[in-house]
>>> print(open('structure-v8.cif').read())   # mmCIF, C-alpha atoms
data_query
#
loop_
_atom_site.label_atom_id
_atom_site.label_comp_id
_atom_site.auth_asym_id
_atom_site.auth_seq_id
_atom_site.Cartn_x
_atom_site.Cartn_y
_atom_site.Cartn_z
CA MET A 1 -16.95 -10.84 -9.19
CA LEU A 2 -17.76 -12.65 -5.96
CA ALA A 3 -19.07 -10.89 -2.87
CA LEU A 4 -16.51 -9.69 -0.34
CA ASN A 5 -18.08 -11.73 2.45
CA ASN A 6 -17.07 -15.03 0.80
CA TYR A 7 -13.39 -14.22 1.16
CA LEU A 8 -13.85 -12.85 4.66
CA ILE A 9 -15.65 -16.00 5.83
CA VAL A 10 -12.88 -18.25 4.44
CA SER A 11 -10.38 -15.99 6.17
CA ALA A 12 -12.30 -16.23 9.46
CA ILE A 13 -12.46 -20.04 9.23
CA LEU A 14 -8.71 -20.31 8.58
CA PHE A 15 -7.97 -17.89 11.43
CA SER A 16 -10.05 -19.87 13.93
CA ILE A 17 -8.48 -23.17 12.82
CA GLY A 18 -5.06 -21.59 13.44
CA CYS A 19 -6.28 -20.30 16.79
CA ILE A 20 -7.50 -23.77 17.83
CA GLY A 21 -4.15 -25.23 16.79
CA VAL A 22 -2.16 -22.70 18.84
CA LEU A 23 -4.30 -23.37 21.90
CA THR A 24 -4.47 -27.18 21.73
CA LYS A 25 -1.16 -28.47 20.33
CA ARG A 26 1.95 -29.23 22.39
CA ASN A 27 4.62 -29.46 19.72
CA ALA A 28 6.24 -26.03 19.42
CA ILE A 29 6.83 -26.38 15.66
CA VAL A 30 3.17 -27.22 15.00
CA ILE A 31 2.17 -24.20 17.09
CA PHE A 32 4.55 -22.14 14.97
CA MET A 33 2.89 -23.41 11.78
CA CYS A 34 -0.53 -22.51 13.18
CA VAL A 35 0.70 -18.96 13.82
CA GLU A 36 1.76 -18.79 10.17
CA LEU A 37 -1.73 -19.99 9.21
CA MET A 38 -3.31 -17.18 11.24
CA LEU A 39 -1.03 -14.60 9.61
CA ASN A 40 -2.05 -15.90 6.19
CA ALA A 41 -5.74 -15.73 7.03
CA VAL A 42 -5.28 -12.06 7.92
CA ASN A 43 -3.36 -11.49 4.68
CA LEU A 44 -6.33 -12.84 2.73
CA SER A 45 -8.62 -10.33 4.48
CA PHE A 46 -6.20 -7.51 3.70
CA ILE A 47 -6.05 -8.34 0.01
CA ALA A 48 -9.82 -8.85 -0.27
CA PHE A 49 -10.54 -5.49 1.38
CA SER A 50 -7.87 -3.79 -0.71
CA ARG A 51 -9.36 -5.14 -3.93
CA TYR A 52 -12.95 -4.28 -3.07
CA LEU A 53 -12.06 -0.77 -1.88
CA GLY A 54 -9.89 -0.17 -4.95
CA ASN A 55 -6.99 0.86 -2.74
CA LEU A 56 -3.45 -0.56 -2.84
CA ASP A 57 -2.47 0.10 0.80
CA GLY A 58 -3.72 -3.26 2.07
CA GLN A 59 -1.52 -5.14 -0.40
CA ILE A 60 1.54 -3.16 0.72
CA PHE A 61 0.69 -4.14 4.28
CA VAL A 62 0.66 -7.79 3.24
CA PHE A 63 4.27 -7.34 2.16
CA PHE A 64 5.25 -6.15 5.60
CA VAL A 65 3.36 -9.03 7.22
CA MET A 66 5.30 -11.46 5.02
CA THR A 67 8.61 -9.85 5.97
CA VAL A 68 7.80 -10.02 9.67
CA ALA A 69 6.76 -13.67 9.23
CA ALA A 70 10.09 -14.48 7.58
CA ALA A 71 12.05 -12.77 10.37
CA GLU A 72 9.89 -14.55 12.94
CA ALA A 73 10.55 -17.91 11.25
CA ALA A 74 14.32 -17.39 11.36
CA VAL A 75 14.47 -16.30 15.01
CA GLY A 76 11.74 -18.66 16.25
CA LEU A 77 13.29 -21.75 14.72
CA ALA A 78 16.73 -20.76 16.06
CA LEU A 79 15.15 -20.46 19.51
CA MET A 80 13.58 -23.91 19.15
CA ILE A 81 16.91 -25.46 18.16
CA ALA A 82 18.61 -23.80 21.14
CA PHE A 83 15.85 -25.09 23.43
CA TYR A 84 16.10 -28.61 21.97
CA LYS A 85 19.85 -28.62 22.65
CA ASN A 86 19.18 -27.94 26.33
CA ARG A 87 16.10 -30.06 26.98
CA GLU A 88 15.99 -32.74 24.25
CA SER A 89 12.36 -31.85 23.64
CA ILE A 90 10.26 -29.18 21.96
CA ASP A 91 7.14 -29.81 23.98
CA VAL A 92 5.82 -26.44 25.18
CA GLU A 93 4.94 -27.97 28.56
CA ASP A 94 8.68 -28.48 29.15
CA ILE A 95 9.40 -24.77 28.79
CA ASN A 96 9.13 -24.06 32.51
CA VAL A 97 12.64 -22.99 33.57
CA MET A 98 11.41 -19.59 34.72
CA LYS A 99 8.50 -21.02 36.71
CA LEU A 100 8.62 -20.35 40.43
CA MET B 1 -18.12 -20.62 -12.99
CA GLU B 2 -16.08 -18.40 -10.72
CA SER B 3 -18.18 -19.26 -7.69
CA ILE B 4 -17.80 -23.03 -8.28
CA PHE B 5 -14.03 -22.57 -8.56
CA PHE B 6 -14.05 -20.46 -5.40
CA ILE B 7 -15.98 -23.12 -3.46
CA VAL B 8 -13.61 -25.88 -4.56
CA VAL B 9 -10.49 -23.89 -3.63
CA ALA B 10 -12.03 -22.79 -0.32
CA ALA B 11 -12.92 -26.39 0.54
CA VAL B 12 -9.37 -27.55 -0.22
CA ALA B 13 -7.96 -24.69 1.88
CA VAL B 14 -10.16 -25.47 4.88
CA ILE B 15 -9.62 -29.23 4.71
CA SER B 16 -5.85 -28.92 4.39
CA SER B 17 -5.71 -26.43 7.25
CA LEU B 18 -7.76 -28.85 9.37
CA LEU B 19 -5.17 -31.52 8.49
CA VAL B 20 -2.47 -29.18 9.84
CA ILE B 21 -3.95 -29.40 13.33
CA THR B 22 -5.09 -33.04 13.20
CA CYS B 23 -2.03 -34.82 11.76
CA LYS B 24 0.13 -36.70 14.25
CA ASN B 25 3.34 -36.33 12.28
CA PRO B 26 4.69 -32.74 12.03
CA ILE B 27 5.94 -33.39 8.48
CA ASN B 28 2.38 -34.15 7.34
CA SER B 29 1.21 -30.95 9.04
CA ALA B 30 3.89 -28.99 7.20
CA LEU B 31 2.91 -30.44 3.82
CA SER B 32 -0.78 -29.68 4.44
CA LEU B 33 0.22 -26.13 5.32
CA VAL B 34 2.00 -25.84 1.95
CA MET B 35 -1.27 -26.91 0.29
CA THR B 36 -3.14 -24.19 2.22
CA PHE B 37 -0.59 -21.61 1.07
CA PHE B 38 -1.13 -22.63 -2.54
CA CYS B 39 -4.90 -22.26 -2.14
CA LEU B 40 -4.37 -18.78 -0.69
CA ALA B 41 -2.17 -17.91 -3.66
CA THR B 42 -5.06 -18.96 -5.91
CA PHE B 43 -7.33 -16.59 -4.00
CA TYR B 44 -4.82 -13.78 -4.52
CA VAL B 45 -4.89 -14.39 -8.27
CA MET B 46 -8.70 -14.28 -8.18
CA LEU B 47 -8.45 -10.95 -6.33
CA ASP B 48 -6.27 -9.39 -9.07
CA ALA B 49 -3.06 -9.55 -7.06
CA PRO B 50 -0.83 -11.84 -9.15
CA PHE B 51 2.45 -10.44 -7.83
CA LEU B 52 1.41 -11.17 -4.25
CA ALA B 53 0.42 -14.70 -5.28
CA VAL B 54 3.90 -15.27 -6.68
CA THR B 55 5.46 -13.81 -3.54
CA GLN B 56 3.24 -16.05 -1.43
CA VAL B 57 4.43 -19.16 -3.26
CA ILE B 58 8.11 -18.15 -3.20
CA VAL B 59 8.36 -16.76 0.33
CA TYR B 60 5.84 -18.88 2.25
CA ALA B 61 5.56 -22.17 0.38
CA GLY B 62 9.22 -21.91 -0.61
CA ALA B 63 11.47 -20.27 1.96
CA ILE B 64 9.58 -20.46 5.25
CA MET B 65 8.22 -23.99 4.82
CA VAL B 66 11.63 -25.30 3.72
CA LEU B 67 13.07 -23.79 6.91
CA ILE B 68 10.36 -25.42 9.06
CA ILE B 69 10.71 -28.84 7.40
CA PHE B 70 14.50 -28.57 7.72
CA VAL B 71 14.17 -27.98 11.46
CA ILE B 72 11.67 -30.83 11.88
CA MET B 73 14.09 -33.21 10.15
CA LEU B 74 17.11 -31.82 12.01
CA LEU B 75 15.47 -32.39 15.39
CA ASN B 76 14.10 -35.75 14.20
CA ILE B 77 10.70 -35.43 15.85
CA ARG B 78 8.76 -38.51 14.83
CA THR B 79 5.30 -37.96 16.28
CA GLU B 80 3.42 -35.83 18.69
CA THR B 81 4.53 -37.33 22.02
CA ALA B 82 1.51 -36.71 24.21
CA LYS B 83 -1.67 -34.75 23.91
CA ARG B 84 -2.64 -31.91 26.15
CA SER B 85 -5.16 -32.73 28.83
CA SER B 86 -8.70 -33.02 27.51
CA HIS B 87 -9.73 -29.89 29.42
CA ALA B 88 -7.13 -27.82 27.56
CA VAL B 89 -8.21 -29.25 24.20
CA PHE B 90 -11.86 -28.58 24.96
CA ALA B 91 -11.24 -25.02 26.18
CA GLY B 92 -8.98 -24.21 23.23
CA SER B 93 -11.46 -25.55 20.67
CA ALA B 94 -14.34 -23.75 22.38
CA LEU B 95 -12.41 -20.48 22.26
CA GLY B 96 -11.53 -20.98 18.58
CA ILE B 97 -15.13 -21.73 17.65
CA PHE B 98 -16.23 -18.71 19.66
CA VAL B 99 -13.86 -16.52 17.63
CA LEU B 100 -15.31 -17.93 14.41
CA PHE B 101 -18.88 -17.41 15.61
CA GLN B 102 -18.20 -13.82 16.63
CA THR B 103 -16.50 -12.99 13.32
CA CYS B 104 -19.41 -14.45 11.34
CA LEU B 105 -21.83 -12.43 13.46
CA PHE B 106 -19.93 -9.24 12.64
CA LEU B 107 -19.89 -10.15 8.94
CA MET B 108 -23.65 -10.77 8.91
CA ARG B 109 -24.46 -7.53 10.71
CA GLY B 110 -22.09 -5.04 9.11
CA GLY B 111 -21.00 -3.95 5.68
CA MET B 112 -17.84 -2.49 4.21
CA THR B 113 -17.53 1.28 4.40
CA GLY B 114 -14.89 3.71 3.21
CA ALA B 115 -14.25 5.88 0.19
CA PRO B 116 -13.65 3.64 -2.85
CA GLY B 117 -10.27 4.17 -4.46
CA PRO B 118 -9.40 4.45 -8.14
CA LEU B 119 -8.22 0.89 -8.75
CA ASP B 120 -10.39 -1.63 -10.55
CA HIS B 121 -9.65 -4.62 -12.75
CA ALA B 122 -9.06 -2.51 -15.89
CA ALA B 123 -6.70 -0.11 -14.10
CA ILE B 124 -4.66 -2.97 -12.62
CA VAL B 125 -4.37 -4.72 -15.98
CA LYS B 126 -3.43 -1.48 -17.74
CA ALA B 127 -0.70 -0.33 -15.34
CA GLY B 128 0.53 -3.76 -14.24
CA HIS B 129 0.33 -5.03 -10.69
CA VAL B 130 4.08 -5.09 -10.11
CA GLU B 131 4.44 -1.49 -11.24
CA LEU B 132 1.63 -0.29 -8.98
CA ILE B 133 3.08 -2.10 -5.96
CA GLY B 134 6.58 -0.83 -6.74
CA LYS B 135 5.44 2.76 -7.06
CA ALA B 136 3.54 2.66 -3.76
CA LEU B 137 6.40 0.88 -1.98
CA PHE B 138 9.07 3.36 -3.05
CA THR B 139 7.05 6.58 -2.66
CA ASP B 140 4.34 6.47 0.03
CA PHE B 141 5.80 3.59 2.02
CA LEU B 142 9.52 4.29 1.76
CA LEU B 143 10.12 4.69 5.49
CA PRO B 144 8.41 1.41 6.50
CA PHE B 145 10.32 -0.29 3.69
CA GLU B 146 13.65 0.88 5.10
CA ILE B 147 12.62 -0.06 8.64
CA THR B 148 11.81 -3.55 7.32
CA SER B 149 15.39 -3.90 6.14
CA ILE B 150 16.60 -3.10 9.65
CA LEU B 151 14.18 -5.71 11.04
CA LEU B 152 15.60 -8.34 8.68
CA LEU B 153 19.15 -7.43 9.69
CA ALA B 154 18.22 -7.79 13.37
CA ALA B 155 16.60 -11.17 12.62
CA ILE B 156 19.75 -12.43 10.86
CA VAL B 157 21.99 -11.33 13.73
CA GLY B 158 19.59 -12.85 16.28
CA ALA B 159 19.40 -16.18 14.47
CA VAL B 160 23.20 -16.40 14.17
CA ILE B 161 23.71 -15.62 17.85
CA LEU B 162 21.02 -18.11 18.96
CA ALA B 163 22.53 -20.85 16.80
CA LYS B 164 25.96 -20.54 18.43
CA LYS B 165 27.24 -23.41 20.54
CA LYS B 166 27.20 -21.58 23.86
CA ILE B 167 24.54 -18.95 24.40
#
>>> encode(input="structure-v8.cif", output="C-alpha coordinates")
Amino acid sequence: MLALNNYLIVSAILFSIGCIGVLTKRNAIVIFMCVELMLNAVNLSFIAFSRYLGNLDGQIFVFFVMTVAAAEAAVGLALMIAFYKNRESIDVEDINVMKL
Amino acid sequence: MESIFFIVVAAVAVISSLLVITCKNPINSALSLVMTFFCLATFYVMLDAPFLAVTQVIVYAGAIMVLIIFVIMLLNIRTETAKRSSHAVFAGSALGIFVLFQTCLFLMRGGMTGAPGPLDHAAIVKAGHVELIGKALFTDFLLPFEITSILLLAAIVGAVILAKKKI
(Lines of atoms letter the chains of each structure in order from A and count residues from 1; the text may use other names and numbers.)
(Lines give C-alpha, C1' and ligand atoms only; values in the text may rest on other atoms or scores of the structure.)
Protein backbone atom coordinates (compact mmCIF):
# COMPACT_ATOMS: atom_id res chain seq x y z
CA MET A 1 0.00 0.00 0.00
CA LEU A 2 1.28 3.45 -0.93
CA ALA A 3 2.26 6.06 1.64
CA LEU A 4 -0.44 8.49 2.74
CA ASN A 5 1.63 11.50 1.67
CA ASN A 6 1.33 10.56 -2.03
CA TYR A 7 -2.43 11.03 -1.96
CA LEU A 8 -2.18 14.17 0.13
CA ILE A 9 0.30 15.77 -2.27
CA VAL A 10 -1.94 15.03 -5.28
CA SER A 11 -4.83 16.48 -3.31
CA ALA A 12 -2.80 19.61 -2.49
CA ILE A 13 -1.81 20.08 -6.15
CA LEU A 14 -5.42 19.76 -7.33
CA PHE A 15 -6.60 22.15 -4.61
CA SER A 16 -4.07 24.82 -5.57
CA ILE A 17 -4.90 24.46 -9.28
CA GLY A 18 -8.56 25.02 -8.38
CA CYS A 19 -7.56 27.98 -6.22
CA ILE A 20 -5.58 29.55 -9.08
CA GLY A 21 -8.55 29.03 -11.39
CA VAL A 22 -10.99 30.72 -9.00
CA LEU A 23 -8.67 33.70 -8.58
CA THR A 24 -7.66 34.22 -12.22
CA LYS A 25 -10.65 33.32 -14.43
CA ARG A 26 -13.45 35.70 -15.41
CA ASN A 27 -16.07 33.32 -16.73
CA ALA A 28 -18.43 32.50 -13.84
CA ILE A 29 -19.03 28.92 -15.04
CA VAL A 30 -15.30 28.17 -15.20
CA ILE A 31 -14.93 29.59 -11.68
CA PHE A 32 -17.76 27.30 -10.63
CA MET A 33 -15.96 24.29 -12.12
CA CYS A 34 -12.79 25.25 -10.27
CA VAL A 35 -14.75 25.31 -7.00
CA GLU A 36 -15.92 21.78 -7.78
CA LEU A 37 -12.29 20.81 -8.38
CA MET A 38 -11.31 22.17 -4.95
CA LEU A 39 -14.15 20.25 -3.29
CA ASN A 40 -12.97 17.08 -4.98
CA ALA A 41 -9.39 17.61 -3.87
CA VAL A 42 -10.62 17.83 -0.28
CA ASN A 43 -12.71 14.68 -0.78
CA LEU A 44 -9.57 12.82 -1.83
CA SER A 45 -7.85 13.90 1.41
CA PHE A 46 -10.85 12.79 3.43
CA ILE A 47 -10.92 9.33 1.89
CA ALA A 48 -7.14 8.89 2.14
CA PHE A 49 -7.13 9.83 5.84
CA SER A 50 -10.17 7.66 6.49
CA ARG A 51 -8.51 4.64 4.88
CA TYR A 52 -5.18 5.07 6.64
CA LEU A 53 -6.79 5.65 10.04
CA GLY A 54 -9.12 2.68 9.55
CA ASN A 55 -12.12 4.86 10.35
CA LEU A 56 -15.26 5.28 8.23
CA ASP A 57 -16.25 8.79 9.37
CA GLY A 58 -14.25 10.57 6.66
CA GLN A 59 -16.05 8.66 3.92
CA ILE A 60 -19.44 9.61 5.38
CA PHE A 61 -18.30 13.22 5.32
CA VAL A 62 -17.49 12.87 1.63
CA PHE A 63 -21.14 11.98 1.08
CA PHE A 64 -22.26 15.20 2.69
CA VAL A 65 -19.73 17.19 0.65
CA MET A 66 -21.14 15.62 -2.52
CA THR A 67 -24.70 16.49 -1.49
CA VAL A 68 -23.76 20.09 -0.76
CA ALA A 69 -21.96 20.27 -4.12
CA ALA A 70 -25.07 19.03 -5.92
CA ALA A 71 -27.28 21.59 -4.15
CA GLU A 72 -24.71 24.29 -4.90
CA ALA A 73 -24.66 23.30 -8.58
CA ALA A 74 -28.45 23.58 -8.86
CA VAL A 75 -28.73 26.96 -7.13
CA GLY A 76 -25.51 28.42 -8.57
CA LEU A 77 -26.38 27.61 -12.16
CA ALA A 78 -29.91 28.97 -11.68
CA LEU A 79 -28.34 32.20 -10.38
CA MET A 80 -26.06 32.37 -13.42
CA ILE A 81 -28.99 31.91 -15.81
CA ALA A 82 -30.92 34.66 -13.99
CA PHE A 83 -27.89 36.94 -14.20
CA TYR A 84 -27.39 36.18 -17.90
CA LYS A 85 -31.02 37.11 -18.57
CA ASN A 86 -30.41 40.55 -17.05
CA ARG A 87 -26.93 41.36 -18.30
CA GLU A 88 -26.31 39.17 -21.39
CA SER A 89 -22.98 38.15 -19.88
CA ILE A 90 -21.58 35.86 -17.21
CA ASP A 91 -18.34 37.74 -16.76
CA VAL A 92 -17.76 38.19 -13.02
CA GLU A 93 -16.46 41.73 -13.63
CA ASP A 94 -19.98 42.67 -14.79
CA ILE A 95 -21.52 41.68 -11.46
CA ASN A 96 -21.30 45.18 -10.00
CA VAL A 97 -24.93 46.26 -9.51
CA MET A 98 -24.45 46.67 -5.78
CA LYS A 99 -21.24 48.68 -6.13
CA LEU A 100 -21.39 52.21 -4.78
CA MET B 1 3.20 -1.99 -9.86
CA GLU B 2 0.77 -0.04 -7.72
CA SER B 3 3.11 2.94 -7.51
CA ILE B 4 3.55 3.09 -11.31
CA PHE B 5 -0.23 3.00 -11.73
CA PHE B 6 -0.59 5.70 -9.09
CA ILE B 7 1.93 7.96 -10.84
CA VAL B 8 0.20 7.56 -14.21
CA VAL B 9 -3.25 8.33 -12.77
CA ALA B 10 -1.90 11.25 -10.74
CA ALA B 11 -0.21 12.70 -13.84
CA VAL B 12 -3.44 12.43 -15.84
CA ALA B 13 -5.38 14.06 -13.00
CA VAL B 14 -2.98 16.98 -12.68
CA ILE B 15 -2.68 17.55 -16.44
CA SER B 16 -6.43 17.45 -17.00
CA SER B 17 -7.04 19.80 -14.08
CA LEU B 18 -4.44 22.18 -15.55
CA LEU B 19 -6.40 22.00 -18.83
CA VAL B 20 -9.51 23.08 -16.89
CA ILE B 21 -7.92 26.44 -16.11
CA THR B 22 -6.01 26.90 -19.38
CA CYS B 23 -8.64 26.03 -22.01
CA LYS B 24 -10.25 28.98 -23.78
CA ASN B 25 -13.52 27.21 -24.49
CA PRO B 26 -15.64 26.39 -21.39
CA ILE B 27 -16.81 23.12 -22.98
CA ASN B 28 -13.21 21.90 -23.17
CA SER B 29 -12.73 22.88 -19.52
CA ALA B 30 -15.83 20.90 -18.57
CA LEU B 31 -14.64 17.79 -20.42
CA SER B 32 -11.20 18.00 -18.79
CA LEU B 33 -12.94 18.27 -15.43
CA VAL B 34 -14.83 15.04 -16.19
CA MET B 35 -11.46 13.38 -16.84
CA THR B 36 -10.18 14.63 -13.47
CA PHE B 37 -13.27 13.22 -11.76
CA PHE B 38 -12.63 9.82 -13.33
CA CYS B 39 -9.01 9.88 -12.10
CA LEU B 40 -10.27 10.70 -8.60
CA ALA B 41 -12.69 7.78 -8.82
CA THR B 42 -9.70 5.57 -9.65
CA PHE B 43 -7.96 6.84 -6.53
CA TYR B 44 -11.04 5.99 -4.47
CA VAL B 45 -10.94 2.42 -5.77
CA MET B 46 -7.25 2.21 -4.85
CA LEU B 47 -8.19 3.43 -1.34
CA ASP B 48 -10.74 0.61 -0.85
CA ALA B 49 -13.77 2.84 -1.28
CA PRO B 50 -15.49 1.37 -4.37
CA PHE B 51 -18.96 2.64 -3.46
CA LEU B 52 -17.68 6.21 -3.23
CA ALA B 53 -15.97 5.78 -6.60
CA VAL B 54 -19.28 4.76 -8.17
CA THR B 55 -21.03 7.68 -6.48
CA GLN B 56 -18.31 10.01 -7.75
CA VAL B 57 -18.84 8.87 -11.33
CA ILE B 58 -22.64 9.00 -11.13
CA VAL B 59 -23.09 12.23 -9.16
CA TYR B 60 -20.11 14.33 -10.28
CA ALA B 61 -19.17 13.08 -13.73
CA GLY B 62 -22.82 12.32 -14.46
CA ALA B 63 -25.30 14.70 -12.86
CA ILE B 64 -23.32 17.82 -12.00
CA MET B 65 -21.23 17.96 -15.17
CA VAL B 66 -24.29 17.36 -17.36
CA LEU B 67 -25.93 20.31 -15.60
CA ILE B 68 -22.87 22.53 -16.17
CA ILE B 69 -22.51 21.55 -19.84
CA PHE B 70 -26.25 22.09 -20.32
CA VAL B 71 -25.95 25.63 -18.95
CA ILE B 72 -22.87 26.38 -21.07
CA MET B 73 -24.75 25.31 -24.19
CA LEU B 74 -27.95 27.09 -23.14
CA LEU B 75 -26.13 30.38 -22.68
CA ASN B 76 -24.08 29.74 -25.84
CA ILE B 77 -20.79 31.06 -24.49
CA ARG B 78 -18.25 30.49 -27.22
CA THR B 79 -14.95 31.56 -25.69
CA GLU B 80 -13.52 33.40 -22.77
CA THR B 81 -14.18 37.02 -23.80
CA ALA B 82 -11.31 38.84 -22.12
CA LYS B 83 -8.65 37.96 -19.64
CA ARG B 84 -8.28 39.56 -16.27
CA SER B 85 -5.55 42.16 -16.00
CA SER B 86 -2.08 40.66 -15.78
CA HIS B 87 -1.72 41.88 -12.19
CA ALA B 88 -4.76 39.87 -11.13
CA VAL B 89 -3.48 36.76 -12.93
CA PHE B 90 -0.06 37.12 -11.37
CA ALA B 91 -1.41 37.70 -7.85
CA GLY B 92 -3.88 34.82 -8.13
CA SER B 93 -1.24 32.39 -9.39
CA ALA B 94 1.22 33.52 -6.72
CA LEU B 95 -1.39 32.93 -4.02
CA GLY B 96 -2.25 29.49 -5.41
CA ILE B 97 1.41 28.45 -5.55
CA PHE B 98 1.87 29.79 -2.03
CA VAL B 99 -0.99 27.56 -0.83
CA LEU B 100 0.65 24.56 -2.51
CA PHE B 101 4.05 25.39 -1.02
CA GLN B 102 2.62 25.77 2.47
CA THR B 103 0.68 22.49 2.26
CA CYS B 104 3.78 20.62 1.09
CA LEU B 105 5.76 22.16 3.95
CA PHE B 106 3.17 20.89 6.45
CA LEU B 107 3.23 17.44 4.83
CA MET B 108 7.03 17.26 5.03
CA ARG B 109 7.15 18.36 8.66
CA GLY B 110 4.25 16.51 10.22
CA GLY B 111 2.85 13.01 10.36
CA MET B 112 -0.60 11.53 10.81
CA THR B 113 -1.73 11.04 14.39
CA GLY B 114 -4.87 9.61 15.93
CA ALA B 115 -6.07 6.29 17.27
CA PRO B 116 -6.24 3.77 14.41
CA GLY B 117 -9.70 2.33 13.88
CA PRO B 118 -10.72 -1.26 13.24
CA LEU B 119 -11.09 -1.11 9.47
CA ASP B 120 -8.48 -2.57 7.16
CA HIS B 121 -8.60 -4.12 3.71
CA ALA B 122 -9.73 -7.55 4.99
CA ALA B 123 -12.51 -6.07 7.14
CA ILE B 124 -13.83 -3.95 4.26
CA VAL B 125 -13.82 -6.90 1.86
CA LYS B 126 -15.50 -9.15 4.42
CA ALA B 127 -18.35 -6.82 5.41
CA GLY B 128 -18.75 -5.01 2.09
CA HIS B 129 -18.17 -1.31 1.61
CA VAL B 130 -21.80 -0.47 0.87
CA GLU B 131 -22.98 -2.22 4.02
CA LEU B 132 -20.44 -0.43 6.21
CA ILE B 133 -21.37 2.97 4.76
CA GLY B 134 -25.09 2.22 5.08
CA LYS B 135 -24.78 1.16 8.70
CA ALA B 136 -22.81 4.28 9.65
CA LEU B 137 -25.15 6.56 7.69
CA PHE B 138 -28.33 5.24 9.29
CA THR B 139 -27.06 4.88 12.88
CA ASP B 140 -24.33 7.34 13.87
CA PHE B 141 -25.05 9.94 11.19
CA LEU B 142 -28.84 9.81 11.03
CA LEU B 143 -29.40 13.44 12.02
CA PRO B 144 -26.98 14.92 9.43
CA PHE B 145 -28.55 12.61 6.85
CA GLU B 146 -32.01 14.01 7.55
CA ILE B 147 -30.70 17.58 7.56
CA THR B 148 -29.18 16.88 4.13
CA SER B 149 -32.63 16.04 2.80
CA ILE B 150 -33.88 19.42 4.01
CA LEU B 151 -30.90 21.09 2.29
CA LEU B 152 -31.77 19.37 -0.99
CA LEU B 153 -35.41 20.43 -0.67
CA ALA B 154 -34.31 24.04 -0.10
CA ALA B 155 -32.00 23.82 -3.14
CA ILE B 156 -34.85 22.55 -5.36
CA VAL B 157 -37.19 25.33 -4.22
CA GLY B 158 -34.44 27.93 -4.67
CA ALA B 159 -33.58 26.76 -8.17
CA VAL B 160 -37.23 26.78 -9.24
CA ILE B 161 -37.80 30.28 -7.88
CA LEU B 162 -34.60 31.63 -9.48
CA ALA B 163 -35.52 30.13 -12.85
CA LYS B 164 -38.89 31.91 -12.95
CA LYS B 165 -39.44 34.61 -15.56
CA LYS B 166 -39.71 37.52 -13.15
CA ILE B 167 -37.69 37.38 -9.96
>>> closest_atom_pairs(input="structure-v8.cif", of="chain B", to="chain A", cutoff="6 Å", atoms="all atoms listed in the file", output="JSON lines")
{"residue": "B:Ile21", "atom": "CA", "partner": "A:Gly21", "partner_atom": "CA", "distance": 5.4}
{"residue": "B:Val89", "atom": "CA", "partner": "A:Thr24", "partner_atom": "CA", "distance": 4.9}
{"residue": "B:Gly92", "atom": "CA", "partner": "A:Leu23", "partner_atom": "CA", "distance": 4.9}
{"residue": "B:Ser93", "atom": "CA", "partner": "A:Ile20", "partner_atom": "CA", "distance": 5.2}
{"residue": "B:Gly96", "atom": "CA", "partner": "A:Ile20", "partner_atom": "CA", "distance": 5.0}
{"residue": "B:Leu100", "atom": "CA", "partner": "A:Ser16", "partner_atom": "CA", "distance": 5.6}
{"residue": "B:Pro116", "atom": "CA", "partner": "A:Leu53", "partner_atom": "CA", "distance": 4.8}
{"residue": "B:Gly117", "atom": "CA", "partner": "A:Gly54", "partner_atom": "CA", "distance": 4.4}
{"residue": "B:Pro118", "atom": "CA", "partner": "A:Gly54", "partner_atom": "CA", "distance": 5.6}
{"residue": "B:Leu119", "atom": "CA", "partner": "A:Gly54", "partner_atom": "CA", "distance": 4.3}
{"residue": "B:Asp120", "atom": "CA", "partner": "A:Gly54", "partner_atom": "CA", "distance": 5.8}
{"residue": "B:Leu152", "atom": "CA", "partner": "A:Ala71", "partner_atom": "CA", "distance": 5.9}
{"residue": "B:Ala155", "atom": "CA", "partner": "A:Ala71", "partner_atom": "CA", "distance": 5.3}
{"residue": "B:Ala159", "atom": "CA", "partner": "A:Val75", "partner_atom": "CA", "distance": 5.0}
{"residue": "B:Leu162", "atom": "CA", "partner": "A:Ala78", "partner_atom": "CA", "distance": 5.8}
{"residue": "B:Ala163", "atom": "CA", "partner": "A:Ala78", "partner_atom": "CA", "distance": 5.8}
>>> atom_distance(input="structure-v8.cif", atom1="CA of Leu39 in chain A", atom2="CA of Phe37 in chain B")
11.1 Å
>>> closest_residue(input="structure-v8.cif", among="B:Leu52, B:Ile150, B:Leu33, B:Ala94", to="Met38 in chain A", atoms="all atoms listed in the file")
B:Leu33
>>> atom_distance(input="structure-v8.cif", atom1="CA of Asn25 in chain B", atom2="CA of Ile69 in chain B")
11.6 Å
>>> resolve_selection(input="structure-v8.cif", expression="the PyMOL selection byres ((chain B and resi 43) around 10)", output="ChimeraX atom specification")
/A:7,44,47-48 /B:6,9-10,37-42,44-50,53
>>> resolve_selection(input="structure-v8.cif", expression="the PyMOL selection byres ((chain B and resi 136) around 12)", output="JSON, numbers by chain")
{"A": [55, 56, 57, 58, 59, 60, 61, 63], "B": [129, 130, 131, 132, 133, 134, 135, 137, 138, 139, 140, 141, 142, 143, 144, 145]}
>>> write_last_selection(input="structure-v8.cif", atoms="C-alpha atoms", output="mmCIF file, in the coordinates of the input")
data_model
loop_
_atom_site.group_PDB
_atom_site.id
_atom_site.type_symbol
_atom_site.label_atom_id
_atom_site.label_comp_id
_atom_site.auth_asym_id
_atom_site.auth_seq_id
_atom_site.Cartn_x
_atom_site.Cartn_y
_atom_site.Cartn_z
ATOM 1 C CA ASN A 55 -6.990 0.860 -2.740
ATOM 2 C CA LEU A 56 -3.450 -0.560 -2.840
ATOM 3 C CA ASP A 57 -2.470 0.100 0.800
ATOM 4 C CA GLY A 58 -3.720 -3.260 2.070
ATOM 5 C CA GLN A 59 -1.520 -5.140 -0.400
ATOM 6 C CA ILE A 60 1.540 -3.160 0.720
ATOM 7 C CA PHE A 61 0.690 -4.140 4.280
ATOM 8 C CA PHE A 63 4.270 -7.340 2.160
ATOM 9 C CA HIS B 129 0.330 -5.030 -10.690
ATOM 10 C CA VAL B 130 4.080 -5.090 -10.110
ATOM 11 C CA GLU B 131 4.440 -1.490 -11.240
ATOM 12 C CA LEU B 132 1.630 -0.290 -8.980
ATOM 13 C CA ILE B 133 3.080 -2.100 -5.960
ATOM 14 C CA GLY B 134 6.580 -0.830 -6.740
ATOM 15 C CA LYS B 135 5.440 2.760 -7.060
ATOM 16 C CA LEU B 137 6.400 0.880 -1.980
ATOM 17 C CA PHE B 138 9.070 3.360 -3.050
ATOM 18 C CA THR B 139 7.050 6.580 -2.660
ATOM 19 C CA ASP B 140 4.340 6.470 0.030
ATOM 20 C CA PHE B 141 5.800 3.590 2.020
ATOM 21 C CA LEU B 142 9.520 4.290 1.760
ATOM 22 C CA LEU B 143 10.120 4.690 5.490
ATOM 23 C CA PRO B 144 8.410 1.410 6.500
ATOM 24 C CA PHE B 145 10.320 -0.290 3.690
#
>>> atom_distance(input="structure-v8.cif", atom1="CA of Ser29 in chain B", atom2="CA of Ala11 in chain B")
17.1 Å
>>> axis_aligned_box(input="structure-v8.cif", around="range 91-94 of chain A", padding_each_side="5 Å", output="AutoDock Vina command-line options")
--center_x 6.8 --center_y -28.1 --center_z 26.6 --size_x 13.7 --size_y 13.4 --size_z 15.2
